[in-house]
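> target.cif is reproduced below (mmCIF, C-alpha atoms).
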data_start
loop_
_atom_site.label_atom_id
_atom_site.label_comp_id
_atom_site.auth_asym_id
_atom_site.auth_seq_id
_atom_site.Cartn_x
_atom_site.Cartn_y
_atom_site.Cartn_z
CA MET A 3 23.93 -27.95 25.52
CA GLN A 4 24.35 -24.51 23.96
CA ASP A 5 21.17 -22.48 23.89
CA ASN A 6 19.37 -21.36 20.75
CA SER A 7 18.44 -17.91 22.06
CA GLN A 8 19.73 -16.11 18.96
CA GLN A 9 17.60 -18.25 16.68
CA ILE A 10 14.57 -17.86 18.94
CA GLU A 11 14.98 -14.07 18.85
CA PHE A 12 15.46 -14.10 15.06
CA TRP A 13 12.38 -16.19 14.30
CA ASN A 14 10.14 -14.23 16.68
CA GLY A 15 11.14 -10.79 15.43
CA PRO A 16 10.60 -9.05 12.09
CA SER A 17 12.19 -11.99 10.26
CA GLY A 18 9.59 -14.40 11.64
CA GLU A 19 6.80 -12.03 10.62
CA ARG A 20 8.33 -11.71 7.15
CA TRP A 21 8.65 -15.47 6.67
CA ALA A 22 5.04 -15.96 7.78
CA ALA A 23 3.93 -13.38 5.21
CA LEU A 24 6.04 -15.09 2.52
CA ASN A 25 4.57 -18.54 3.12
CA GLU A 26 2.85 -18.78 -0.26
CA THR A 27 6.11 -17.86 -2.02
CA THR A 28 8.06 -20.36 0.06
CA GLU A 29 5.64 -23.22 -0.59
CA ARG A 30 5.76 -22.61 -4.33
CA SER A 31 9.56 -22.39 -4.27
CA LEU A 32 9.87 -25.70 -2.41
CA SER A 33 7.21 -27.56 -4.39
CA PHE A 34 9.61 -29.86 -6.27
CA ILE A 35 11.50 -30.67 -3.06
CA THR A 36 8.29 -31.33 -1.14
CA ALA A 37 7.09 -33.63 -3.92
CA ALA A 38 10.23 -35.75 -3.44
CA LEU A 39 10.30 -35.52 0.35
CA MET A 40 6.78 -36.70 1.16
CA PRO A 41 7.09 -40.12 -0.56
CA PHE A 42 10.54 -40.46 1.01
CA ALA A 43 8.97 -39.93 4.46
CA ALA A 44 6.21 -42.41 3.58
CA ALA A 45 3.91 -41.55 6.49
CA LYS A 46 1.41 -44.39 6.92
CA PRO A 47 -2.20 -44.45 8.12
CA GLY A 48 -2.36 -44.67 11.89
CA GLU A 49 1.17 -43.34 12.53
CA ARG A 50 1.94 -40.59 15.02
CA VAL A 51 4.07 -37.91 13.34
CA LEU A 52 6.03 -34.92 14.64
CA ASP A 53 7.02 -32.14 12.22
CA VAL A 54 10.11 -30.32 13.57
CA GLY A 55 10.50 -26.71 12.46
CA CYS A 56 7.01 -26.92 11.01
CA GLY A 57 6.80 -23.21 10.17
CA CYS A 58 3.41 -22.26 8.79
CA GLY A 59 2.18 -25.84 8.92
CA ALA A 60 1.84 -26.94 5.29
CA THR A 61 3.88 -30.11 5.78
CA THR A 62 2.18 -30.85 9.10
CA LEU A 63 -1.19 -30.81 7.36
CA ALA A 64 0.11 -33.04 4.57
CA LEU A 65 1.47 -35.52 7.10
CA ALA A 66 -1.78 -35.47 9.07
CA GLN A 67 -3.68 -36.24 5.89
CA ALA A 68 -1.34 -39.16 5.18
CA VAL A 69 -1.75 -40.71 8.63
CA GLY A 70 -5.51 -40.15 8.60
CA PRO A 71 -7.98 -40.00 11.48
CA THR A 72 -6.41 -42.97 13.23
CA GLY A 73 -3.02 -41.21 13.31
CA LEU A 74 -1.76 -38.02 14.87
CA GLY A 75 -0.04 -34.95 13.45
CA ARG A 76 1.95 -32.52 15.60
CA GLY A 77 4.14 -29.59 14.62
CA ILE A 78 6.80 -27.89 16.76
CA ASP A 79 8.51 -24.58 16.05
CA ILE A 80 10.11 -21.66 17.88
CA SER A 81 8.45 -18.99 15.71
CA ARG A 82 5.21 -17.65 17.13
CA PRO A 83 4.33 -15.67 13.96
CA MET A 84 4.66 -18.77 11.82
CA LEU A 85 2.76 -20.94 14.29
CA GLU A 86 -0.08 -18.43 14.31
CA ALA A 87 -0.27 -18.88 10.54
CA ALA A 88 -0.13 -22.67 10.99
CA ARG A 89 -3.00 -22.65 13.47
CA ARG A 90 -5.12 -20.56 11.12
CA ARG A 91 -4.36 -23.01 8.31
CA ALA A 92 -5.34 -26.00 10.46
CA LYS A 93 -8.39 -24.46 12.10
CA GLY A 94 -11.13 -27.04 12.52
CA ASN A 95 -8.81 -30.02 12.11
CA GLY A 96 -8.82 -31.68 15.51
CA GLU A 97 -6.13 -34.19 14.54
CA ILE A 98 -3.46 -31.48 14.39
CA ALA A 99 -1.84 -29.45 17.16
CA PHE A 100 1.17 -27.13 17.25
CA ILE A 101 3.75 -26.67 20.00
CA GLU A 102 5.66 -23.43 20.46
CA ALA A 103 8.96 -24.70 21.82
CA ASP A 104 12.61 -25.37 21.05
CA ALA A 105 12.85 -28.97 19.84
CA ALA A 106 16.43 -29.06 21.16
CA ARG A 107 15.17 -28.69 24.75
CA TYR A 108 11.52 -29.72 24.79
CA HIS A 109 10.71 -32.64 27.09
CA PHE A 110 9.54 -35.31 24.65
CA GLU A 111 7.91 -38.62 25.45
CA PRO A 112 8.68 -41.57 23.13
CA GLU A 113 5.34 -41.43 21.33
CA TYR A 114 6.05 -40.74 17.65
CA ASP A 115 6.59 -43.26 14.87
CA LEU A 116 8.04 -40.62 12.56
CA VAL A 117 9.90 -37.40 13.23
CA PHE A 118 10.00 -35.31 10.07
CA SER A 119 11.48 -31.98 9.04
CA ARG A 120 11.64 -29.90 5.89
CA PHE A 121 14.58 -27.53 6.35
CA GLY A 122 13.87 -27.14 10.07
CA VAL A 123 16.89 -28.77 11.73
CA MET A 124 19.93 -26.81 10.47
CA PHE A 125 19.74 -24.02 13.03
CA PHE A 126 20.66 -25.74 16.31
CA ALA A 127 23.58 -24.28 18.28
CA ASP A 128 24.43 -27.82 19.46
CA PRO A 129 23.15 -30.15 16.72
CA ALA A 130 24.29 -33.40 18.34
CA GLY A 131 22.58 -32.47 21.60
CA ALA A 132 19.46 -31.32 19.75
CA PHE A 133 19.16 -34.55 17.77
CA ALA A 134 19.73 -36.59 20.92
CA ASN A 135 16.78 -34.78 22.47
CA ILE A 136 14.65 -35.23 19.35
CA ARG A 137 15.41 -38.95 19.40
CA CYS A 138 13.59 -39.07 22.75
CA ALA A 139 10.37 -38.32 20.84
CA LEU A 140 10.58 -41.55 18.82
CA THR A 141 9.25 -44.95 19.71
CA PRO A 142 11.86 -47.76 19.58
CA GLY A 143 12.73 -48.25 15.92
CA GLY A 144 10.90 -45.06 14.95
CA ARG A 145 12.29 -43.17 12.01
CA LEU A 146 13.80 -39.76 11.49
CA ILE A 147 13.31 -38.23 8.03
CA PHE A 148 14.37 -34.77 6.94
CA VAL A 149 15.66 -32.70 4.06
CA CYS A 150 18.46 -30.14 4.31
CA TRP A 151 20.52 -28.13 1.84
CA ARG A 152 23.80 -29.26 0.38
CA ALA A 153 26.53 -26.66 -0.25
CA LEU A 154 25.62 -23.13 -1.29
CA GLN A 155 27.65 -23.41 -4.49
CA ASP A 156 25.56 -26.43 -5.53
CA ASN A 157 22.32 -24.46 -5.17
CA GLY A 158 22.04 -22.24 -8.22
CA TRP A 159 18.82 -20.67 -6.95
CA ALA A 160 20.84 -19.05 -4.12
CA ALA A 161 24.45 -18.95 -5.32
CA GLY A 162 23.83 -17.37 -8.73
CA PRO A 163 21.85 -14.33 -7.56
CA LEU A 164 24.22 -13.82 -4.62
CA ALA A 165 27.36 -13.94 -6.79
CA SER A 166 25.88 -11.52 -9.31
CA ALA A 167 25.49 -8.84 -6.65
CA MET A 168 28.55 -9.49 -4.49
CA ASP A 169 30.44 -6.31 -5.42
CA LEU A 170 27.43 -4.18 -4.44
CA LEU A 171 26.86 -5.76 -1.05
CA PRO A 172 28.17 -4.53 2.30
CA SER A 173 31.31 -6.28 3.49
CA GLN A 174 30.31 -9.76 4.66
CA PRO A 175 32.05 -11.38 7.64
CA PRO A 176 33.55 -14.81 6.91
CA VAL A 177 30.95 -17.54 7.32
CA GLU A 178 31.85 -20.45 9.57
CA PRO A 179 30.67 -23.39 7.42
CA HIS A 180 29.28 -25.38 10.35
CA ALA A 181 27.54 -22.45 12.06
CA PRO A 182 23.76 -22.71 12.48
CA GLY A 183 22.12 -21.70 9.23
CA PRO A 184 20.62 -23.02 6.00
CA PHE A 185 23.80 -24.73 4.76
CA ALA A 186 25.10 -26.03 8.10
CA PHE A 187 24.72 -29.69 7.03
CA ALA A 188 26.33 -29.42 3.60
CA ASP A 189 29.11 -31.79 4.72
CA ARG A 190 27.54 -35.24 4.44
CA ASP A 191 30.12 -37.03 6.59
CA ARG A 192 29.73 -34.49 9.38
CA LEU A 193 25.94 -34.75 9.21
CA LEU A 194 25.97 -38.54 9.49
CA ALA A 195 28.48 -38.38 12.35
CA ILE A 196 26.22 -35.97 14.23
CA LEU A 197 23.26 -38.32 13.90
CA ALA A 198 25.33 -41.31 15.01
CA SER A 199 26.66 -39.39 18.02
CA ALA A 200 23.06 -38.52 18.93
CA GLY A 201 22.23 -42.23 19.13
CA PHE A 202 20.52 -42.76 15.78
CA ARG A 203 21.04 -46.03 13.94
CA ASP A 204 21.79 -46.49 10.26
CA PRO A 205 21.92 -42.81 9.28
CA LYS A 206 21.87 -42.19 5.53
CA ALA A 207 21.91 -39.08 3.33
CA ASP A 208 20.92 -39.42 -0.32
CA ALA A 209 21.58 -36.60 -2.78
CA LEU A 210 18.49 -34.95 -4.25
CA ASP A 211 19.16 -32.83 -7.34
CA THR A 212 16.03 -30.94 -8.22
CA LEU A 213 14.71 -27.42 -8.88
CA MET A 214 13.43 -24.40 -6.99
CA ASN A 215 10.32 -22.87 -8.53
CA MET A 216 11.10 -19.18 -8.06
CA GLY A 217 7.91 -17.96 -9.72
CA ALA A 218 5.66 -18.01 -12.78
CA THR A 219 7.36 -14.97 -14.29
CA LEU A 220 10.84 -13.52 -14.24
CA GLU A 221 9.66 -10.62 -12.09
CA ASP A 222 8.17 -13.07 -9.59
CA ALA A 223 11.50 -14.92 -9.49
CA VAL A 224 13.52 -11.75 -8.91
CA ALA A 225 11.18 -10.77 -6.08
CA ALA A 226 11.59 -14.24 -4.54
CA ALA A 227 15.40 -14.06 -4.77
CA LEU A 228 15.29 -10.77 -2.89
CA SER A 229 12.88 -12.18 -0.29
CA ILE A 230 14.28 -15.62 0.58
CA GLY A 231 17.76 -17.06 0.75
CA PRO A 232 21.19 -15.49 1.37
CA LEU A 233 20.74 -12.59 -1.05
CA SER A 234 17.68 -11.36 0.85
CA ARG A 235 19.68 -10.99 4.06
CA ALA A 236 22.67 -9.43 2.32
CA THR A 237 20.62 -6.70 0.59
CA MET A 238 18.62 -5.52 3.60
CA GLU A 239 20.81 -2.43 4.13
CA LEU A 240 21.12 -1.37 0.48
CA ASP A 241 19.54 1.85 -0.73
CA ASP A 242 16.88 1.82 -3.45
CA ALA A 243 19.32 2.57 -6.27
CA ALA A 244 21.61 -0.29 -5.31
CA ARG A 245 18.67 -2.66 -4.93
CA ASP A 246 17.47 -1.71 -8.42
CA THR A 247 20.91 -2.56 -9.79
CA VAL A 248 20.81 -5.89 -7.96
CA ARG A 249 17.38 -6.62 -9.42
CA GLY A 250 18.72 -6.07 -12.91
CA ARG A 251 21.63 -8.43 -12.37
CA VAL A 252 19.48 -11.11 -10.76
CA ARG A 253 17.00 -10.83 -13.61
CA GLY A 254 19.81 -11.63 -16.03
CA ILE A 255 20.95 -14.64 -13.97
CA LEU A 256 17.49 -16.14 -13.56
CA ALA A 257 16.32 -15.57 -17.13
CA GLU A 258 18.23 -18.64 -18.31
CA PHE A 259 16.16 -20.91 -16.06
CA GLU A 260 12.76 -20.23 -17.62
CA THR A 261 10.69 -23.40 -18.04
CA PRO A 262 7.01 -24.15 -18.75
CA ALA A 263 6.56 -24.56 -14.97
CA GLY A 264 8.14 -21.20 -14.14
CA ILE A 265 11.61 -19.90 -13.36
CA CYS A 266 13.33 -23.01 -11.99
CA PRO A 267 17.06 -22.87 -11.14
CA PRO A 268 18.90 -25.87 -9.64
CA ALA A 269 18.49 -26.98 -6.04
CA ALA A 270 20.69 -29.52 -4.23
CA CYS A 271 19.62 -31.23 -0.99
CA TRP A 272 20.20 -34.22 1.23
CA LEU A 273 17.30 -36.58 1.89
CA VAL A 274 18.22 -37.92 5.31
CA SER A 275 16.96 -40.99 7.16
CA ALA A 276 17.83 -42.74 10.43
CA ARG A 277 16.20 -44.88 13.12
CA ALA A 278 15.92 -44.52 16.86
#
Will you turn the file into C-alpha cells for me?


Amino acid sequence: MQDNSQQIEFWNGPSGERWAALNETTERSLSFITAALMPFAAAKPGERVLDVGCGCGATTLALAQAVGPTGLGRGIDISRPMLEAARRRAKGNGEIAFIEADAARYHFEPEYDLVFSRFGVMFFADPAGAFANIRCALTPGGRLIFVCWRALQDNGWAAGPLASAMDLLPSQPPVEPHAPGPFAFADRDRLLAILASAGFRDPKADALDTLMNMGATLEDAVAAALSIGPLSRATMELDDAARDTVRGRVRGILAEFETPAGICPPAACWLVSARA
C-alpha cells in the first residue's frame, strides 16, 4: 500500500491549524449536506459507530447522540489540530473517543456496526487498500456510509469562484483526476469498482444535488470562498491587490445565489453505501 505521508504532513501543518480554526464556517457550509447525510446513515440506538476523517468532531458527536448511551462513538483522523478541537468539543462525554491515526493503516478489530465519513475518504494514496483496511473495522454485514464530492464542474460553490479568478492565478499544474483530493471520487463507476475490489458488497452511490451555505451575507460568502475549496489554495500566493480583485469577481459570482437562508450556490455529491 502507498503511504499517505503527504496528506499527514498537510493536515498537521498550517493547513490543519487553519481548518481547525475554520470549523464553524465549514459546519455552516455543509449544513444542507449534513442534513441529508445523517438520515441516510441512519445510526440506531445501541450501534457502535466509527467516523473516518472526523475532523473537529461535529459528526462524531451527532452519531454518538443517535446511538445513545448503549452505543459507542469513535472518531479517527490524521490531523492533530482538528482532533484537539474535537476533544474540546466532546469534553465530558465519556461515550466518545478520538484516535489520531491513518485509517488506511490502523489495526482495526471488527467491532463497528457502522463506518461513516463526511468528506473524509477522498485523500488516500491507495484507496482500494485503504477501504480494504477500513472494512476490517466492520462486523459481518456492517455498513459503510459516506458522502464525497462529484465533479468540480458540478459544484457551483467551488467551480464558479475558481473560474472567475483563473486569469489572475499562478500557473496551475494539470490535475490528475484520480489523485487524492476533494474530487478524487467524482467518477461513480471508478468509486464503486474501488469499493468492490476492497471486498465490500452491494456498493451504491446515489446523486445528492443540494446547496452549500456560504454565509449569511455576501461578504461572509466571499470570505468562505477564499478560505475553503480550490480557490483558497490557488490564491495563497497572490498579493493583496490581486486578492482584492479576486474578491470583487467572486462577489459578483456569488451574488446570484442569495436566498433567505444565506448565500447558497449548488453542491453535488455522492451518497455512498456498501456492506462488509

> Under the PyMOL selection byres ((chain A and resi 104-112) around 6), which residues of this model are included? Write them out as a PyMOL selection string.

chain A and resi 80+103+113+132+135+138-141

> Step by step, work through what the PyMOL selection byres ((chain A and resi 196) around 12) selects in the shown file, and finish by giving those residues as a PyMOL selection string.

chain A and resi 124+126+128-134+180+186-187+189-195+197-203+205-206+276

> The PyMOL selection byres ((chain A and resi 252) around 10) on the file shown: which residues, as a PyMOL selection string?

chain A and resi 162-167+220-221+223-225+227-228+233+246-251+253-257

> Tell me which residues come within 8 Å of (16.0, -21.3, 18.9), as a PyMOL selection string, counting all atoms listed in the file in the file's coordinates.

chain A and resi 5-11+13+80+104+125-126

> Which distance in Å separates atom CA of Tyr114 of chain A and atom CA of Arg50 of chain A, to one decimal?

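Those two atoms sit 4.9 Å apart.
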
> With distances taken over only C-alpha atoms, which residue among A:Glu26, A:Ala243, A:Ala68, A:Lys93 lies nearest Pro41 of chain A?

A:Ala68

> With all atoms listed in the file as the atoms that count, which of A:Gly55, A:Pro83, A:Pro179, A:Gly94 lies nearest to Gly18 of chain A?

A:Pro83

> In Å, rounded to a single decimal, give me how far atom CA of Glu260 of chain A is from atom CA of Leu32 of chain A.

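About the pair atom CA of Leu32 of chain A and atom CA of Glu260 of chain A: they are 16.4 Å apart.
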
> Taking into account only C-alpha atoms, which residue in the set A:Leu85, A:Ile136, A:Leu210, A:Ala278 is nearest to Arg152 of chain A?

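Residue with the minimum atom-to-atom distance to Arg152 of chain A: A:Leu210.
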
> So which one's closest to Glu239 of chain A, A:Ala87, A:Cys150, A:Leu171, A:Val177? Using all atoms listed in the file, please.

A:Leu171

> Calculate how many Å separate atom CA of Trp151 of chain A from atom CA of Ala218 of chain A, rounding to one decimal.

23.2 Å

> Between A:Gly77, A:Leu240, A:Asn215, A:Arg277, which one has atoms that come closest to Pro142 of chain A, using only C-alpha atoms?

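Looking at the shortest contact to Pro142 of chain A, the residue is A:Arg277.
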
> Compare A:Ala207, A:Met216, A:Ala37, A:Ala269 by their minimum atom-to-atom distance to Ser229 of chain A, counting all atoms listed in the file, and give me the closest one.

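Once distances to Ser229 of chain A are computed over all atoms listed in the file, the minimum belongs to A:Met216.
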
> What lies within 8 Å of Arg76 of chain A using all atoms listed in the file, ignoring chain neighbours under 6 positions off, as a tab-separated table (two decimals) with C-alpha atoms, keeping the file's coordinate frame?


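Output saved as around.tsv:
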chain	number	residue	atom	x	y	z
A	51	VAL	CA	4.07	-37.91	13.34
A	52	LEU	CA	6.03	-34.92	14.64
A	53	ASP	CA	7.02	-32.14	12.22
A	62	THR	CA	2.18	-30.85	9.10
A	98	ILE	CA	-3.46	-31.48	14.39
A	99	ALA	CA	-1.84	-29.45	17.16
A	100	PHE	CA	1.17	-27.13	17.25
A	101	ILE	CA	3.75	-26.67	20.00

> Using all atoms listed in the file, collect all residues at a distance of at most 10 Å from (12.6, -21.1, -4.2) as written in the file, then present them as a list in words.

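Selection result: Thr27, Thr28, Glu29, Arg30, Ser31, Leu32, Ser33, Phe34, Ile35, Trp159, Ala160, Leu213, Met214, Asn215, Met216, Gly217, Ala223, Ala226, Ala227, Ser229, Ile230, Gly231, Ile265, Cys266, Pro267, Pro268 and Ala269 of chain A.
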
> Please, could N, CA and C atoms be added to segment 40-73 of chain A and the result written as a PDB file, keeping the file's coordinate frame?


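Final file, rebuild08.pdb:
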ATOM      1  N   MET A  40       7.911 -36.035   0.534  1.00  0.00           N
ATOM      2  CA  MET A  40       6.780 -36.700   1.160  1.00  0.00           C
ATOM      3  C   MET A  40       6.752 -38.204   0.883  1.00  0.00           C
ATOM      4  N   PRO A  41       6.994 -38.654  -0.350  1.00  0.00           N
ATOM      5  CA  PRO A  41       7.090 -40.120  -0.560  1.00  0.00           C
ATOM      6  C   PRO A  41       8.286 -40.735   0.159  1.00  0.00           C
ATOM      7  N   PHE A  42       9.369 -39.971   0.286  1.00  0.00           N
ATOM      8  CA  PHE A  42      10.540 -40.460   1.010  1.00  0.00           C
ATOM      9  C   PHE A  42      10.186 -40.688   2.481  1.00  0.00           C
ATOM     10  N   ALA A  43       9.400 -39.780   3.055  1.00  0.00           N
ATOM     11  CA  ALA A  43       8.970 -39.930   4.460  1.00  0.00           C
ATOM     12  C   ALA A  43       7.994 -41.080   4.613  1.00  0.00           C
ATOM     13  N   ALA A  44       7.136 -41.274   3.622  1.00  0.00           N
ATOM     14  CA  ALA A  44       6.210 -42.410   3.580  1.00  0.00           C
ATOM     15  C   ALA A  44       5.408 -42.562   4.869  1.00  0.00           C
ATOM     16  N   ALA A  45       4.788 -41.462   5.321  1.00  0.00           N
ATOM     17  CA  ALA A  45       3.910 -41.550   6.490  1.00  0.00           C
ATOM     18  C   ALA A  45       2.738 -42.468   6.189  1.00  0.00           C
ATOM     19  N   LYS A  46       2.419 -43.348   7.144  1.00  0.00           N
ATOM     20  CA  LYS A  46       1.410 -44.390   6.920  1.00  0.00           C
ATOM     21  C   LYS A  46       0.174 -44.144   7.786  1.00  0.00           C
ATOM     22  N   PRO A  47      -0.980 -44.596   7.316  1.00  0.00           N
ATOM     23  CA  PRO A  47      -2.200 -44.450   8.120  1.00  0.00           C
ATOM     24  C   PRO A  47      -1.996 -45.012   9.524  1.00  0.00           C
ATOM     25  N   GLY A  48      -2.446 -44.246  10.500  1.00  0.00           N
ATOM     26  CA  GLY A  48      -2.360 -44.670  11.890  1.00  0.00           C
ATOM     27  C   GLY A  48      -1.085 -44.246  12.600  1.00  0.00           C
ATOM     28  N   GLU A  49      -0.084 -43.730  11.876  1.00  0.00           N
ATOM     29  CA  GLU A  49       1.170 -43.340  12.530  1.00  0.00           C
ATOM     30  C   GLU A  49       1.008 -41.999  13.264  1.00  0.00           C
ATOM     31  N   ARG A  50       1.856 -41.844  14.273  1.00  0.00           N
ATOM     32  CA  ARG A  50       1.940 -40.590  15.020  1.00  0.00           C
ATOM     33  C   ARG A  50       3.197 -39.861  14.516  1.00  0.00           C
ATOM     34  N   VAL A  51       3.001 -38.625  14.054  1.00  0.00           N
ATOM     35  CA  VAL A  51       4.070 -37.910  13.340  1.00  0.00           C
ATOM     36  C   VAL A  51       4.322 -36.559  13.991  1.00  0.00           C
ATOM     37  N   LEU A  52       5.606 -36.230  14.136  1.00  0.00           N
ATOM     38  CA  LEU A  52       6.030 -34.920  14.640  1.00  0.00           C
ATOM     39  C   LEU A  52       6.804 -34.206  13.544  1.00  0.00           C
ATOM     40  N   ASP A  53       6.393 -32.972  13.243  1.00  0.00           N
ATOM     41  CA  ASP A  53       7.020 -32.140  12.220  1.00  0.00           C
ATOM     42  C   ASP A  53       7.859 -31.076  12.924  1.00  0.00           C
ATOM     43  N   VAL A  54       9.191 -31.217  12.855  1.00  0.00           N
ATOM     44  CA  VAL A  54      10.110 -30.320  13.570  1.00  0.00           C
ATOM     45  C   VAL A  54      10.442 -29.123  12.682  1.00  0.00           C
ATOM     46  N   GLY A  55      10.320 -27.920  13.251  1.00  0.00           N
ATOM     47  CA  GLY A  55      10.500 -26.710  12.460  1.00  0.00           C
ATOM     48  C   GLY A  55       9.385 -26.585  11.442  1.00  0.00           C
ATOM     49  N   CYS A  56       8.160 -26.774  11.902  1.00  0.00           N
ATOM     50  CA  CYS A  56       7.010 -26.920  11.010  1.00  0.00           C
ATOM     51  C   CYS A  56       6.613 -25.626  10.323  1.00  0.00           C
ATOM     52  N   GLY A  57       7.121 -24.477  10.809  1.00  0.00           N
ATOM     53  CA  GLY A  57       6.800 -23.210  10.170  1.00  0.00           C
ATOM     54  C   GLY A  57       5.312 -22.951  10.125  1.00  0.00           C
ATOM     55  N   CYS A  58       4.820 -22.627   8.947  1.00  0.00           N
ATOM     56  CA  CYS A  58       3.410 -22.260   8.790  1.00  0.00           C
ATOM     57  C   CYS A  58       2.494 -23.468   8.596  1.00  0.00           C
ATOM     58  N   GLY A  59       3.026 -24.666   8.753  1.00  0.00           N
ATOM     59  CA  GLY A  59       2.180 -25.840   8.920  1.00  0.00           C
ATOM     60  C   GLY A  59       1.785 -26.613   7.682  1.00  0.00           C
ATOM     61  N   ALA A  60       2.275 -26.238   6.502  1.00  0.00           N
ATOM     62  CA  ALA A  60       1.840 -26.940   5.290  1.00  0.00           C
ATOM     63  C   ALA A  60       2.233 -28.413   5.328  1.00  0.00           C
ATOM     64  N   THR A  61       3.460 -28.703   5.743  1.00  0.00           N
ATOM     65  CA  THR A  61       3.880 -30.110   5.780  1.00  0.00           C
ATOM     66  C   THR A  61       3.189 -30.869   6.901  1.00  0.00           C
ATOM     67  N   THR A  62       2.897 -30.198   8.010  1.00  0.00           N
ATOM     68  CA  THR A  62       2.180 -30.850   9.100  1.00  0.00           C
ATOM     69  C   THR A  62       0.802 -31.304   8.632  1.00  0.00           C
ATOM     70  N   LEU A  63       0.124 -30.441   7.886  1.00  0.00           N
ATOM     71  CA  LEU A  63      -1.190 -30.810   7.360  1.00  0.00           C
ATOM     72  C   LEU A  63      -1.083 -31.967   6.376  1.00  0.00           C
ATOM     73  N   ALA A  64      -0.061 -31.957   5.531  1.00  0.00           N
ATOM     74  CA  ALA A  64       0.110 -33.040   4.570  1.00  0.00           C
ATOM     75  C   ALA A  64       0.388 -34.360   5.281  1.00  0.00           C
ATOM     76  N   LEU A  65       1.188 -34.317   6.325  1.00  0.00           N
ATOM     77  CA  LEU A  65       1.470 -35.520   7.100  1.00  0.00           C
ATOM     78  C   LEU A  65       0.213 -36.013   7.819  1.00  0.00           C
ATOM     79  N   ALA A  66      -0.548 -35.086   8.377  1.00  0.00           N
ATOM     80  CA  ALA A  66      -1.780 -35.470   9.070  1.00  0.00           C
ATOM     81  C   ALA A  66      -2.765 -36.124   8.105  1.00  0.00           C
ATOM     82  N   GLN A  67      -2.815 -35.628   6.887  1.00  0.00           N
ATOM     83  CA  GLN A  67      -3.680 -36.240   5.890  1.00  0.00           C
ATOM     84  C   GLN A  67      -3.217 -37.655   5.561  1.00  0.00           C
ATOM     85  N   ALA A  68      -1.884 -37.842   5.502  1.00  0.00           N
ATOM     86  CA  ALA A  68      -1.340 -39.160   5.180  1.00  0.00           C
ATOM     87  C   ALA A  68      -1.622 -40.180   6.272  1.00  0.00           C
ATOM     88  N   VAL A  69      -1.551 -39.748   7.539  1.00  0.00           N
ATOM     89  CA  VAL A  69      -1.750 -40.710   8.630  1.00  0.00           C
ATOM     90  C   VAL A  69      -3.226 -40.907   8.936  1.00  0.00           C
ATOM     91  N   GLY A  70      -4.075 -39.983   8.487  1.00  0.00           N
ATOM     92  CA  GLY A  70      -5.510 -40.150   8.600  1.00  0.00           C
ATOM     93  C   GLY A  70      -6.047 -39.996  10.014  1.00  0.00           C
ATOM     94  N   PRO A  71      -7.317 -40.228  10.189  1.00  0.00           N
ATOM     95  CA  PRO A  71      -7.980 -40.000  11.480  1.00  0.00           C
ATOM     96  C   PRO A  71      -7.518 -40.944  12.576  1.00  0.00           C
ATOM     97  N   THR A  72      -6.920 -42.056  12.203  1.00  0.00           N
ATOM     98  CA  THR A  72      -6.410 -42.970  13.230  1.00  0.00           C
ATOM     99  C   THR A  72      -4.993 -42.613  13.658  1.00  0.00           C
ATOM    100  N   GLY A  73      -4.361 -41.661  12.971  1.00  0.00           N
ATOM    101  CA  GLY A  73      -3.020 -41.210  13.310  1.00  0.00           C
ATOM    102  C   GLY A  73      -3.054 -39.896  14.061  1.00  0.00           C
TER     103      GLY A  73
END
